[in-house]
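**Q** One file: model19.txt (compact mmCIF, C-alpha atoms).
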# COMPACT_ATOMS: atom_id res chain seq x y z
CA MET A 1 2.19 8.79 12.43
CA ILE A 2 1.14 10.24 9.07
CA THR A 3 -1.26 13.19 9.23
CA ASN A 4 -4.10 13.80 6.79
CA ASP A 5 -2.15 16.62 5.13
CA ASP A 6 0.83 14.30 4.66
CA MET A 7 -1.49 11.66 3.15
CA ASP A 8 -2.84 14.28 0.72
CA LEU A 9 0.73 14.96 -0.41
CA VAL A 10 1.47 11.23 -0.81
CA PHE A 11 -1.60 10.50 -2.95
CA HIS A 12 -1.20 13.68 -4.98
CA ALA A 13 2.41 12.66 -5.67
CA LEU A 14 1.40 9.12 -6.68
CA ALA A 15 -1.45 10.32 -8.92
CA HIS A 16 0.98 11.08 -11.78
CA GLN A 17 2.30 8.41 -14.13
CA THR A 18 5.78 9.95 -14.51
CA ARG A 19 6.24 10.19 -10.76
CA ARG A 20 5.21 6.52 -10.33
CA ARG A 21 7.73 5.59 -13.04
CA ILE A 22 10.44 7.55 -11.20
CA LEU A 23 9.70 5.53 -8.04
CA ASP A 24 9.95 2.30 -10.08
CA LEU A 25 13.41 3.28 -11.37
CA VAL A 26 14.66 4.41 -7.95
CA ARG A 27 13.32 1.19 -6.41
CA ASP A 28 15.31 -0.86 -8.98
CA HIS A 29 18.44 1.32 -8.78
CA PRO A 30 18.84 2.62 -5.23
CA GLY A 31 21.28 5.52 -5.18
CA GLN A 32 20.75 6.44 -8.83
CA GLY A 33 21.87 9.99 -9.71
CA VAL A 34 19.40 12.61 -10.92
CA GLY A 35 21.16 13.03 -14.32
CA GLU A 36 21.06 9.32 -15.07
CA LEU A 37 17.42 9.09 -13.99
CA ALA A 38 16.41 12.04 -16.22
CA LYS A 39 17.85 10.19 -19.27
CA ALA A 40 15.07 7.59 -18.95
CA PHE A 41 12.41 10.21 -19.69
CA ASP A 42 11.40 12.20 -22.76
CA VAL A 43 10.62 15.32 -20.74
CA SER A 44 12.96 18.17 -19.75
CA ARG A 45 15.32 17.90 -16.81
CA ILE A 46 13.43 20.81 -15.23
CA ALA A 47 10.20 18.79 -15.41
CA ILE A 48 11.93 15.83 -13.75
CA MET A 49 13.35 18.11 -11.03
CA ASN A 50 9.81 19.34 -10.30
CA HIS A 51 8.51 15.76 -10.06
CA LEU A 52 11.39 14.89 -7.71
CA LYS A 53 10.47 17.87 -5.51
CA VAL A 54 6.84 16.67 -5.26
CA LEU A 55 8.02 13.14 -4.40
CA GLU A 56 10.49 14.40 -1.77
CA GLU A 57 7.90 16.67 -0.15
CA ALA A 58 5.56 13.67 0.08
CA GLY A 59 8.34 11.71 1.80
CA LEU A 60 8.40 9.05 -0.94
CA LEU A 61 11.92 9.89 -2.05
CA ILE A 62 15.12 10.64 -0.16
CA SER A 63 18.02 12.40 -1.83
CA GLN A 64 21.61 12.58 -0.68
CA LYS A 65 24.48 14.72 -1.99
CA ASP A 66 27.49 12.69 -3.12
CA GLY A 67 30.02 15.19 -4.47
CA ARG A 68 28.31 16.78 -7.48
CA THR A 69 25.76 13.96 -7.78
CA ARG A 70 22.42 13.94 -5.99
CA ARG A 71 21.61 10.29 -5.25
CA LEU A 72 18.01 9.12 -4.96
CA TYR A 73 16.47 6.48 -2.70
CA LEU A 74 12.91 5.21 -2.37
CA ASN A 75 11.36 5.77 1.05
CA ALA A 76 8.78 3.00 1.37
CA MET A 77 7.38 4.24 4.73
CA PRO A 78 4.34 6.15 3.37
CA ILE A 79 3.37 3.17 1.18
CA GLN A 80 3.76 0.88 4.17
CA ALA A 81 1.43 3.22 6.11
CA ILE A 82 -1.24 2.93 3.37
CA HIS A 83 -1.00 -0.85 3.62
CA GLU A 84 -1.22 -0.85 7.41
CA ARG A 85 -4.25 1.45 7.37
CA TRP A 86 -6.42 -0.59 5.03
CA ILE A 87 -4.97 -4.08 4.55
CA ASP A 88 -3.62 -4.95 8.00
CA ALA A 89 -6.57 -3.35 9.81
CA PHE A 90 -8.97 -4.97 7.29
CA SER A 91 -7.42 -8.38 7.97
CA GLU A 92 -7.85 -7.82 11.71
CA VAL A 93 -11.57 -7.01 11.28
CA TRP A 94 -12.08 -10.23 9.31
CA ALA A 95 -9.91 -12.27 11.68
CA ASP A 96 -12.14 -11.07 14.56
CA ARG A 97 -15.26 -11.97 12.60
CA LEU A 98 -13.94 -15.41 11.66
CA SER A 99 -12.91 -16.04 15.26
CA PHE A 100 -16.47 -15.12 16.36
CA ILE A 101 -17.98 -17.48 13.73
CA LYS A 102 -15.58 -20.26 14.85
CA GLN A 103 -16.59 -19.77 18.51
CA ALA A 104 -20.28 -19.76 17.56
CA ALA A 105 -19.81 -22.95 15.52
CA GLU A 106 -17.97 -24.63 18.42
CA HIS A 107 -20.74 -23.57 20.78
CA VAL A 108 -23.37 -25.12 18.46
CA ALA A 109 -21.26 -28.30 18.08
CA LYS A 110 -20.94 -28.55 21.89
CA SER A 111 -24.70 -28.07 22.36
CA ASN A 112 -25.39 -30.82 19.79
CA THR A 113 -22.99 -33.19 21.58
CA LYS A 114 -24.72 -32.42 24.90
CA MET A 115 -28.12 -33.11 23.32
CA LYS A 116 -26.82 -36.44 21.97
CA ASP A 117 -25.39 -37.32 25.43
CA GLY A 118 -28.84 -36.46 26.77
CA ASP A 119 -30.37 -38.97 24.34
CA HIS A 120 -28.38 -41.76 25.96
CA ASP A 121 -29.72 -40.97 29.47
CA MET B 122 -3.16 -6.18 -13.80
CA ILE B 123 -3.83 -2.52 -12.98
CA THR B 124 -3.25 -0.09 -15.86
CA ASN B 125 -1.83 3.39 -15.49
CA ASP B 126 -5.27 4.92 -16.02
CA ASP B 127 -6.69 2.71 -13.26
CA MET B 128 -3.82 3.77 -10.95
CA ASP B 129 -4.63 7.44 -11.69
CA LEU B 130 -8.22 6.77 -10.56
CA VAL B 131 -7.06 4.99 -7.39
CA PHE B 132 -4.69 7.76 -6.29
CA HIS B 133 -7.13 10.51 -7.23
CA ALA B 134 -9.77 8.73 -5.13
CA LEU B 135 -7.42 8.36 -2.15
CA ALA B 136 -6.23 11.99 -2.35
CA HIS B 137 -9.34 13.20 -0.49
CA GLN B 138 -9.69 13.04 3.29
CA THR B 139 -13.45 12.28 3.28
CA ARG B 140 -13.00 9.38 0.87
CA ARG B 141 -10.22 7.93 3.00
CA ARG B 142 -12.49 8.22 6.06
CA ILE B 143 -15.27 6.41 4.12
CA LEU B 144 -12.84 3.55 3.42
CA ASP B 145 -11.95 3.44 7.15
CA LEU B 146 -15.63 3.09 8.11
CA VAL B 147 -16.38 0.47 5.44
CA ARG B 148 -13.27 -1.45 6.51
CA ASP B 149 -14.54 -1.51 10.12
CA HIS B 150 -18.17 -2.24 9.19
CA PRO B 151 -18.26 -4.47 6.09
CA GLY B 152 -21.74 -4.36 4.53
CA GLN B 153 -22.66 -1.01 6.05
CA GLY B 154 -25.58 0.71 4.29
CA VAL B 155 -25.15 4.05 2.50
CA GLY B 156 -27.66 5.84 4.78
CA GLU B 157 -25.91 4.73 7.97
CA LEU B 158 -22.51 5.66 6.52
CA ALA B 159 -23.70 9.15 5.51
CA LYS B 160 -24.74 9.83 9.16
CA ALA B 161 -21.06 9.79 10.16
CA PHE B 162 -20.34 12.89 8.04
CA ASP B 163 -21.28 16.56 8.28
CA VAL B 164 -21.71 16.91 4.50
CA SER B 165 -24.83 16.31 2.38
CA ARG B 166 -25.89 12.85 1.33
CA ILE B 167 -25.39 13.96 -2.31
CA ALA B 168 -21.75 14.79 -1.52
CA ILE B 169 -21.29 11.34 0.05
CA MET B 170 -22.92 9.67 -2.99
CA ASN B 171 -20.43 11.49 -5.24
CA HIS B 172 -17.51 10.32 -3.11
CA LEU B 173 -18.84 6.74 -3.22
CA LYS B 174 -19.02 6.97 -7.02
CA VAL B 175 -15.35 8.04 -7.21
CA LEU B 176 -14.34 5.20 -4.87
CA GLU B 177 -16.35 2.62 -6.83
CA GLU B 178 -14.93 3.76 -10.17
CA ALA B 179 -11.45 3.39 -8.71
CA GLY B 180 -12.31 -0.17 -7.64
CA LEU B 181 -11.74 0.61 -3.96
CA LEU B 182 -15.35 0.03 -2.98
CA ILE B 183 -17.90 -2.63 -3.92
CA SER B 184 -21.61 -2.04 -3.43
CA GLN B 185 -24.38 -4.60 -3.37
CA LYS B 186 -28.17 -4.11 -3.41
CA ASP B 187 -29.93 -5.71 -0.44
CA GLY B 188 -33.61 -4.83 -0.77
CA ARG B 189 -33.74 -1.04 -0.47
CA THR B 190 -30.30 -0.84 1.14
CA ARG B 191 -27.07 -0.48 -0.82
CA ARG B 192 -24.40 -2.31 1.19
CA LEU B 193 -20.75 -1.24 0.95
CA TYR B 194 -17.59 -3.34 1.08
CA LEU B 195 -13.91 -2.37 0.90
CA ASN B 196 -12.05 -3.85 -2.05
CA ALA B 197 -8.46 -4.06 -0.89
CA MET B 198 -7.06 -5.26 -4.25
CA PRO B 199 -5.84 -1.87 -5.57
CA ILE B 200 -4.10 -1.13 -2.25
CA GLN B 201 -2.51 -4.58 -2.36
CA ALA B 202 -1.28 -3.75 -5.89
CA ILE B 203 0.39 -0.54 -4.62
CA HIS B 204 2.15 -2.56 -1.94
CA GLU B 205 3.29 -5.23 -4.39
CA ARG B 206 4.63 -2.63 -6.81
CA TRP B 207 6.85 -0.76 -4.39
CA ILE B 208 7.29 -2.73 -1.17
CA ASP B 209 7.47 -6.35 -2.36
CA ALA B 210 9.55 -5.46 -5.43
CA PHE B 211 11.71 -3.15 -3.27
CA SER B 212 12.32 -5.98 -0.79
CA GLU B 213 13.35 -8.25 -3.67
CA VAL B 214 15.89 -5.70 -4.93
CA TRP B 215 17.44 -5.45 -1.46
CA ALA B 216 17.27 -9.22 -0.91
CA ASP B 217 19.24 -9.65 -4.17
CA ARG B 218 21.75 -7.04 -3.06
CA LEU B 219 22.16 -8.58 0.41
CA SER B 220 22.56 -12.02 -1.13
CA PHE B 221 25.31 -10.60 -3.40
CA ILE B 222 27.05 -8.96 -0.41
CA LYS B 223 26.78 -12.25 1.55
CA GLN B 224 28.31 -14.19 -1.36
CA ALA B 225 31.08 -11.62 -1.72
CA ALA B 226 31.78 -11.80 2.04
CA GLU B 227 31.89 -15.61 1.92
CA HIS B 228 34.24 -15.45 -1.04
CA VAL B 229 36.57 -13.11 0.89
CA ALA B 230 36.34 -15.34 4.00
CA LYS B 231 37.23 -18.42 1.89
CA SER B 232 40.17 -16.60 0.29
CA ASN B 233 41.44 -15.58 3.75
CA THR B 234 41.16 -19.19 4.99
CA LYS B 235 43.10 -20.39 1.94
CA MET B 236 45.76 -17.77 2.58
CA LYS B 237 46.01 -18.95 6.21
CA ASP B 238 46.21 -22.58 5.09
CA GLY B 239 48.95 -21.43 2.74
CA ASP B 240 50.83 -19.94 5.74
CA HIS B 241 51.01 -23.41 7.27
CA ASP B 242 52.67 -24.96 4.21
Write the structure described by the file as structure tokens, please.
**A**
Amino acid sequence: MITNDDMDLVFHALAHQTRRRILDLVRDHPGQGVGELAKAFDVSRIAIMNHLKVLEEAGLLISQKDGRTRRLYLNAMPIQAIHERWIDAFSEVWADRLSFIKQAAEHVAKSNTKMKDGDHD
Amino acid sequence: MITNDDMDLVFHALAHQTRRRILDLVRDHPGQGVGELAKAFDVSRIAIMNHLKVLEEAGLLISQKDGRTRRLYLNAMPIQAIHERWIDAFSEVWADRLSFIKQAAEHVAKSNTKMKDGDHD
């Protein structure tokens, strides 16, 4: 269960181009070290460390110590939660509506058949 | 194709609790009018109109004139794009990795079988 405050952190974290790029790289290279990751950017290592902190606090990134290297992994859970909230629930609403329309159409079709049967009497 | 500027708009729009709640309501009641929607909130109608503007500019909301009513619909495309960028691509990376591990395991298994066959010679 993701609270509203957590969601604020997630969207704030994702609202920055560099942080989205970091998630792209970590997605493609699970377990990448911080040093190696920082090489892909034109900004200071300090700036990257700050972005990593924002991403970790939002729960989008997991880091693990491996000797002197800090290894980074994407945590897809918050993004999955966004999807579940608006896409899955949205699909359910439309599935319900379509099911209602289908039932209504079947009801009309049945009534028409009955009327035709009536004609034969 | 969603540009980086578009993505900034999407995440900025989603980084506000009231705007997320608006998307929830529009998801559950496709075609809801602005007046009816505004009733669900304790803030001014002007404030709601401003939030709707932010959501529309981000492409998360579609509005349609219906006489004097402006009807609102969720546009799930940007949220789908977020999912595709990090979840679908993430799954592909891991599927590739698992496929590599499976191949490696099969290779080892085959080598072991050959060694055993060799034992029988």
**Q** Can you give me chain B superposed onto chain A, least-squares on all Cα in order, written as a PDB file with C-alpha atoms, in the frame of the given file?
**A**
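And here's superposed.pdb as it stands now:
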ATOM      1  CA  MET B 122       2.235   8.890  12.431  1.00  0.00           C
ATOM      2  CA  ILE B 123       1.151  10.285   9.055  1.00  0.00           C
ATOM      3  CA  THR B 124      -1.284  13.213   9.228  1.00  0.00           C
ATOM      4  CA  ASN B 125      -4.117  13.805   6.801  1.00  0.00           C
ATOM      5  CA  ASP B 126      -2.184  16.621   5.131  1.00  0.00           C
ATOM      6  CA  ASP B 127       0.804  14.303   4.658  1.00  0.00           C
ATOM      7  CA  MET B 128      -1.513  11.641   3.161  1.00  0.00           C
ATOM      8  CA  ASP B 129      -2.883  14.258   0.722  1.00  0.00           C
ATOM      9  CA  LEU B 130       0.705  14.930  -0.413  1.00  0.00           C
ATOM     10  CA  VAL B 131       1.450  11.207  -0.801  1.00  0.00           C
ATOM     11  CA  PHE B 132      -1.624  10.462  -2.921  1.00  0.00           C
ATOM     12  CA  HIS B 133      -1.235  13.629  -4.975  1.00  0.00           C
ATOM     13  CA  ALA B 134       2.375  12.606  -5.661  1.00  0.00           C
ATOM     14  CA  LEU B 135       1.378   9.064  -6.661  1.00  0.00           C
ATOM     15  CA  ALA B 136      -1.485  10.259  -8.898  1.00  0.00           C
ATOM     16  CA  HIS B 137       0.944  11.006 -11.751  1.00  0.00           C
ATOM     17  CA  GLN B 138       2.273   8.330 -14.098  1.00  0.00           C
ATOM     18  CA  THR B 139       5.757   9.885 -14.494  1.00  0.00           C
ATOM     19  CA  ARG B 140       6.236  10.115 -10.734  1.00  0.00           C
ATOM     20  CA  ARG B 141       5.214   6.491 -10.297  1.00  0.00           C
ATOM     21  CA  ARG B 142       7.718   5.515 -13.012  1.00  0.00           C
ATOM     22  CA  ILE B 143      10.433   7.520 -11.174  1.00  0.00           C
ATOM     23  CA  LEU B 144       9.691   5.514  -8.012  1.00  0.00           C
ATOM     24  CA  ASP B 145       9.959   2.273 -10.047  1.00  0.00           C
ATOM     25  CA  LEU B 146      13.417   3.261 -11.334  1.00  0.00           C
ATOM     26  CA  VAL B 147      14.679   4.413  -7.923  1.00  0.00           C
ATOM     27  CA  ARG B 148      13.352   1.190  -6.389  1.00  0.00           C
ATOM     28  CA  ASP B 149      15.347  -0.853  -8.938  1.00  0.00           C
ATOM     29  CA  HIS B 150      18.475   1.327  -8.745  1.00  0.00           C
ATOM     30  CA  PRO B 151      18.887   2.640  -5.182  1.00  0.00           C
ATOM     31  CA  GLY B 152      21.308   5.589  -5.172  1.00  0.00           C
ATOM     32  CA  GLN B 153      20.764   6.454  -8.824  1.00  0.00           C
ATOM     33  CA  GLY B 154      21.860   9.999  -9.728  1.00  0.00           C
ATOM     34  CA  VAL B 155      19.366  12.614 -10.948  1.00  0.00           C
ATOM     35  CA  GLY B 156      21.114  13.013 -14.337  1.00  0.00           C
ATOM     36  CA  GLU B 157      21.040   9.283 -15.078  1.00  0.00           C
ATOM     37  CA  LEU B 158      17.396   9.059 -13.982  1.00  0.00           C
ATOM     38  CA  ALA B 159      16.362  11.985 -16.216  1.00  0.00           C
ATOM     39  CA  LYS B 160      17.804  10.133 -19.274  1.00  0.00           C
ATOM     40  CA  ALA B 161      15.041   7.527 -18.933  1.00  0.00           C
ATOM     41  CA  PHE B 162      12.345  10.130 -19.694  1.00  0.00           C
ATOM     42  CA  ASP B 163      11.332  12.091 -22.782  1.00  0.00           C
ATOM     43  CA  VAL B 164      10.550  15.246 -20.774  1.00  0.00           C
ATOM     44  CA  SER B 165      12.890  18.104 -19.799  1.00  0.00           C
ATOM     45  CA  ARG B 166      15.243  17.840 -16.868  1.00  0.00           C
ATOM     46  CA  ILE B 167      13.346  20.768 -15.268  1.00  0.00           C
ATOM     47  CA  ALA B 168      10.124  18.732 -15.444  1.00  0.00           C
ATOM     48  CA  ILE B 169      11.882  15.780 -13.778  1.00  0.00           C
ATOM     49  CA  MET B 170      13.298  18.078 -11.058  1.00  0.00           C
ATOM     50  CA  ASN B 171       9.754  19.305 -10.345  1.00  0.00           C
ATOM     51  CA  HIS B 172       8.474  15.738 -10.077  1.00  0.00           C
ATOM     52  CA  LEU B 173      11.349  14.864  -7.717  1.00  0.00           C
ATOM     53  CA  LYS B 174      10.417  17.854  -5.545  1.00  0.00           C
ATOM     54  CA  VAL B 175       6.800  16.632  -5.274  1.00  0.00           C
ATOM     55  CA  LEU B 176       7.993  13.114  -4.399  1.00  0.00           C
ATOM     56  CA  GLU B 177      10.455  14.396  -1.785  1.00  0.00           C
ATOM     57  CA  GLU B 178       7.860  16.655  -0.162  1.00  0.00           C
ATOM     58  CA  ALA B 179       5.545  13.662   0.082  1.00  0.00           C
ATOM     59  CA  GLY B 180       8.322  11.693   1.806  1.00  0.00           C
ATOM     60  CA  LEU B 181       8.392   9.053  -0.933  1.00  0.00           C
ATOM     61  CA  LEU B 182      11.913   9.887  -2.046  1.00  0.00           C
ATOM     62  CA  ILE B 183      15.120  10.655  -0.152  1.00  0.00           C
ATOM     63  CA  SER B 184      18.010  12.430  -1.842  1.00  0.00           C
ATOM     64  CA  GLN B 185      21.602  12.618  -0.707  1.00  0.00           C
ATOM     65  CA  LYS B 186      24.473  14.778  -2.010  1.00  0.00           C
ATOM     66  CA  ASP B 187      27.487  12.754  -3.151  1.00  0.00           C
ATOM     67  CA  GLY B 188      29.997  15.248  -4.530  1.00  0.00           C
ATOM     68  CA  ARG B 189      28.269  16.813  -7.537  1.00  0.00           C
ATOM     69  CA  THR B 190      25.738  13.988  -7.816  1.00  0.00           C
ATOM     70  CA  ARG B 191      22.392  13.967  -6.024  1.00  0.00           C
ATOM     71  CA  ARG B 192      21.622  10.314  -5.260  1.00  0.00           C
ATOM     72  CA  LEU B 193      18.008   9.139  -4.962  1.00  0.00           C
ATOM     73  CA  TYR B 194      16.492   6.500  -2.693  1.00  0.00           C
ATOM     74  CA  LEU B 195      12.920   5.220  -2.352  1.00  0.00           C
ATOM     75  CA  ASN B 196      11.382   5.781   1.064  1.00  0.00           C
ATOM     76  CA  ALA B 197       8.819   3.026   1.407  1.00  0.00           C
ATOM     77  CA  MET B 198       7.415   4.248   4.758  1.00  0.00           C
ATOM     78  CA  PRO B 199       4.364   6.142   3.408  1.00  0.00           C
ATOM     79  CA  ILE B 200       3.398   3.161   1.223  1.00  0.00           C
ATOM     80  CA  GLN B 201       3.797   0.876   4.234  1.00  0.00           C
ATOM     81  CA  ALA B 202       1.467   3.229   6.156  1.00  0.00           C
ATOM     82  CA  ILE B 203      -1.208   2.911   3.427  1.00  0.00           C
ATOM     83  CA  HIS B 204      -0.961  -0.862   3.677  1.00  0.00           C
ATOM     84  CA  GLU B 205      -1.178  -0.846   7.469  1.00  0.00           C
ATOM     85  CA  ARG B 206      -4.210   1.439   7.422  1.00  0.00           C
ATOM     86  CA  TRP B 207      -6.370  -0.610   5.095  1.00  0.00           C
ATOM     87  CA  ILE B 208      -4.923  -4.093   4.632  1.00  0.00           C
ATOM     88  CA  ASP B 209      -3.548  -4.951   8.085  1.00  0.00           C
ATOM     89  CA  ALA B 210      -6.493  -3.336   9.892  1.00  0.00           C
ATOM     90  CA  PHE B 211      -8.892  -4.964   7.389  1.00  0.00           C
ATOM     91  CA  SER B 212      -7.339  -8.379   8.067  1.00  0.00           C
ATOM     92  CA  GLU B 213      -7.776  -7.809  11.807  1.00  0.00           C
ATOM     93  CA  VAL B 214     -11.478  -7.004  11.375  1.00  0.00           C
ATOM     94  CA  TRP B 215     -12.003 -10.223   9.407  1.00  0.00           C
ATOM     95  CA  ALA B 216      -9.822 -12.252  11.788  1.00  0.00           C
ATOM     96  CA  ASP B 217     -12.059 -11.042  14.656  1.00  0.00           C
ATOM     97  CA  ARG B 218     -15.165 -11.937  12.682  1.00  0.00           C
ATOM     98  CA  LEU B 219     -13.846 -15.394  11.738  1.00  0.00           C
ATOM     99  CA  SER B 220     -12.832 -16.024  15.336  1.00  0.00           C
ATOM    100  CA  PHE B 221     -16.394 -15.094  16.421  1.00  0.00           C
ATOM    101  CA  ILE B 222     -17.898 -17.425  13.782  1.00  0.00           C
ATOM    102  CA  LYS B 223     -15.519 -20.223  14.899  1.00  0.00           C
ATOM    103  CA  GLN B 224     -16.542 -19.734  18.544  1.00  0.00           C
ATOM    104  CA  ALA B 225     -20.216 -19.697  17.590  1.00  0.00           C
ATOM    105  CA  ALA B 226     -19.748 -22.896  15.539  1.00  0.00           C
ATOM    106  CA  GLU B 227     -17.948 -24.592  18.442  1.00  0.00           C
ATOM    107  CA  HIS B 228     -20.720 -23.526  20.785  1.00  0.00           C
ATOM    108  CA  VAL B 229     -23.333 -25.056  18.448  1.00  0.00           C
ATOM    109  CA  ALA B 230     -21.230 -28.239  18.074  1.00  0.00           C
ATOM    110  CA  LYS B 231     -20.947 -28.533  21.890  1.00  0.00           C
ATOM    111  CA  SER B 232     -24.697 -28.010  22.310  1.00  0.00           C
ATOM    112  CA  ASN B 233     -25.382 -30.731  19.711  1.00  0.00           C
ATOM    113  CA  THR B 234     -23.015 -33.140  21.513  1.00  0.00           C
ATOM    114  CA  LYS B 235     -24.786 -32.418  24.807  1.00  0.00           C
ATOM    115  CA  MET B 236     -28.140 -33.039  23.159  1.00  0.00           C
ATOM    116  CA  LYS B 237     -26.830 -36.370  21.810  1.00  0.00           C
ATOM    117  CA  ASP B 238     -25.449 -37.294  25.232  1.00  0.00           C
ATOM    118  CA  GLY B 239     -28.887 -36.423  26.563  1.00  0.00           C
ATOM    119  CA  ASP B 240     -30.428 -38.900  24.064  1.00  0.00           C
ATOM    120  CA  HIS B 241     -28.439 -41.690  25.699  1.00  0.00           C
ATOM    121  CA  ASP B 242     -29.804 -40.978  29.184  1.00  0.00           C
TER     122      ASP B 242
END
**Q** Write out as JSON lines a residue-level contact list of chain A versus chain B with cut-off 8 Å: for each qualifying residue the closest pair of atoms and the distance in Å to one decimal, counting all atoms listed in the file, rows sorted by chain and residue number upward.
**A**
{"residue": "A:Asn4", "atom": "CA", "partner": "B:Gln138", "partner_atom": "CA", "distance": 6.6}
{"residue": "A:Met7", "atom": "CA", "partner": "B:Ala136", "partner_atom": "CA", "distance": 7.3}
{"residue": "A:Asp8", "atom": "CA", "partner": "B:Ala136", "partner_atom": "CA", "distance": 5.1}
{"residue": "A:Leu9", "atom": "CA", "partner": "B:Ala136", "partner_atom": "CA", "distance": 7.8}
{"residue": "A:Val10", "atom": "CA", "partner": "B:Ala136", "partner_atom": "CA", "distance": 7.9}
{"residue": "A:Phe11", "atom": "CA", "partner": "B:Ala136", "partner_atom": "CA", "distance": 4.9}
{"residue": "A:His12", "atom": "CA", "partner": "B:Ala136", "partner_atom": "CA", "distance": 5.9}
{"residue": "A:Leu14", "atom": "CA", "partner": "B:Phe132", "partner_atom": "CA", "distance": 6.3}
{"residue": "A:Ala15", "atom": "CA", "partner": "B:Phe132", "partner_atom": "CA", "distance": 4.9}
{"residue": "A:His16", "atom": "CA", "partner": "B:Asp129", "partner_atom": "CA", "distance": 6.7}
{"residue": "A:Gln17", "atom": "CA", "partner": "B:Asn125", "partner_atom": "CA", "distance": 6.6}
{"residue": "A:Leu23", "atom": "CA", "partner": "B:Trp207", "partner_atom": "CA", "distance": 7.8}
{"residue": "A:Asp24", "atom": "CA", "partner": "B:Trp207", "partner_atom": "CA", "distance": 7.2}
{"residue": "A:Arg27", "atom": "CA", "partner": "B:Phe211", "partner_atom": "CA", "distance": 5.6}
{"residue": "A:Asp28", "atom": "CA", "partner": "B:Val214", "partner_atom": "CA", "distance": 6.3}
{"residue": "A:Ala76", "atom": "CA", "partner": "B:Ile208", "partner_atom": "CA", "distance": 6.4}
{"residue": "A:Ile79", "atom": "CA", "partner": "B:His204", "partner_atom": "CA", "distance": 6.6}
{"residue": "A:Gln80", "atom": "CA", "partner": "B:His204", "partner_atom": "CA", "distance": 7.2}
{"residue": "A:Ile82", "atom": "CA", "partner": "B:Ile200", "partner_atom": "CA", "distance": 7.5}
{"residue": "A:His83", "atom": "CA", "partner": "B:His204", "partner_atom": "CA", "distance": 6.6}
{"residue": "A:Arg85", "atom": "CA", "partner": "B:Asp145", "partner_atom": "CA", "distance": 8.0}
{"residue": "A:Trp86", "atom": "CA", "partner": "B:Arg148", "partner_atom": "CA", "distance": 7.1}
{"residue": "A:Ile87", "atom": "CA", "partner": "B:Ala197", "partner_atom": "CA", "distance": 6.5}
{"residue": "A:Ala89", "atom": "CA", "partner": "B:Arg148", "partner_atom": "CA", "distance": 7.7}
{"residue": "A:Phe90", "atom": "CA", "partner": "B:Arg148", "partner_atom": "CA", "distance": 5.6}
{"residue": "A:Val93", "atom": "CA", "partner": "B:Asp149", "partner_atom": "CA", "distance": 6.4}
**Q** Could you state the separation of atom CA of B:Ala161 and atom CA of B:Arg192 in Å, given to one decimal place?
**A**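 The value is 15.4 Å.
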**Q** Just the number, please: distance in Å from atom CA of A:Gly33 to atom CA of B:Ile222, one decimal.
**A** 21.7 Å
**Q** Can you list, as a list in words, every protein, DNA or RNA residue that comes within 9 Å of B:Val175 when you count all atoms listed in the file, leaving out same-chain residues fewer than 2 positions away?
**A**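 Non-adjacent residues within range: Leu130, Val131, His133, Ala134, Arg140, Met170, Asn171, His172, Leu173, Glu177, Glu178, Ala179, Gly180 and Leu181 of chain B.
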**Q** As an exercise, work out the distance from atom CA of B:Val164 to atom CA of B:Leu146 in Å and give it to one decimal place.
**A**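 Interatomic distance, atom CA of B:Val164 to atom CA of B:Leu146: 15.5 Å.
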**Q** Considering only C-alpha atoms, return as a PyMOL selection string whatever protein or nucleic-acid residues lie within 9 Å of B:Val155, sequence-local ones (same chain, fewer than 4 positions apart) excluded.
**A** chain B and resi 159-160+166+169-170+173+190-193
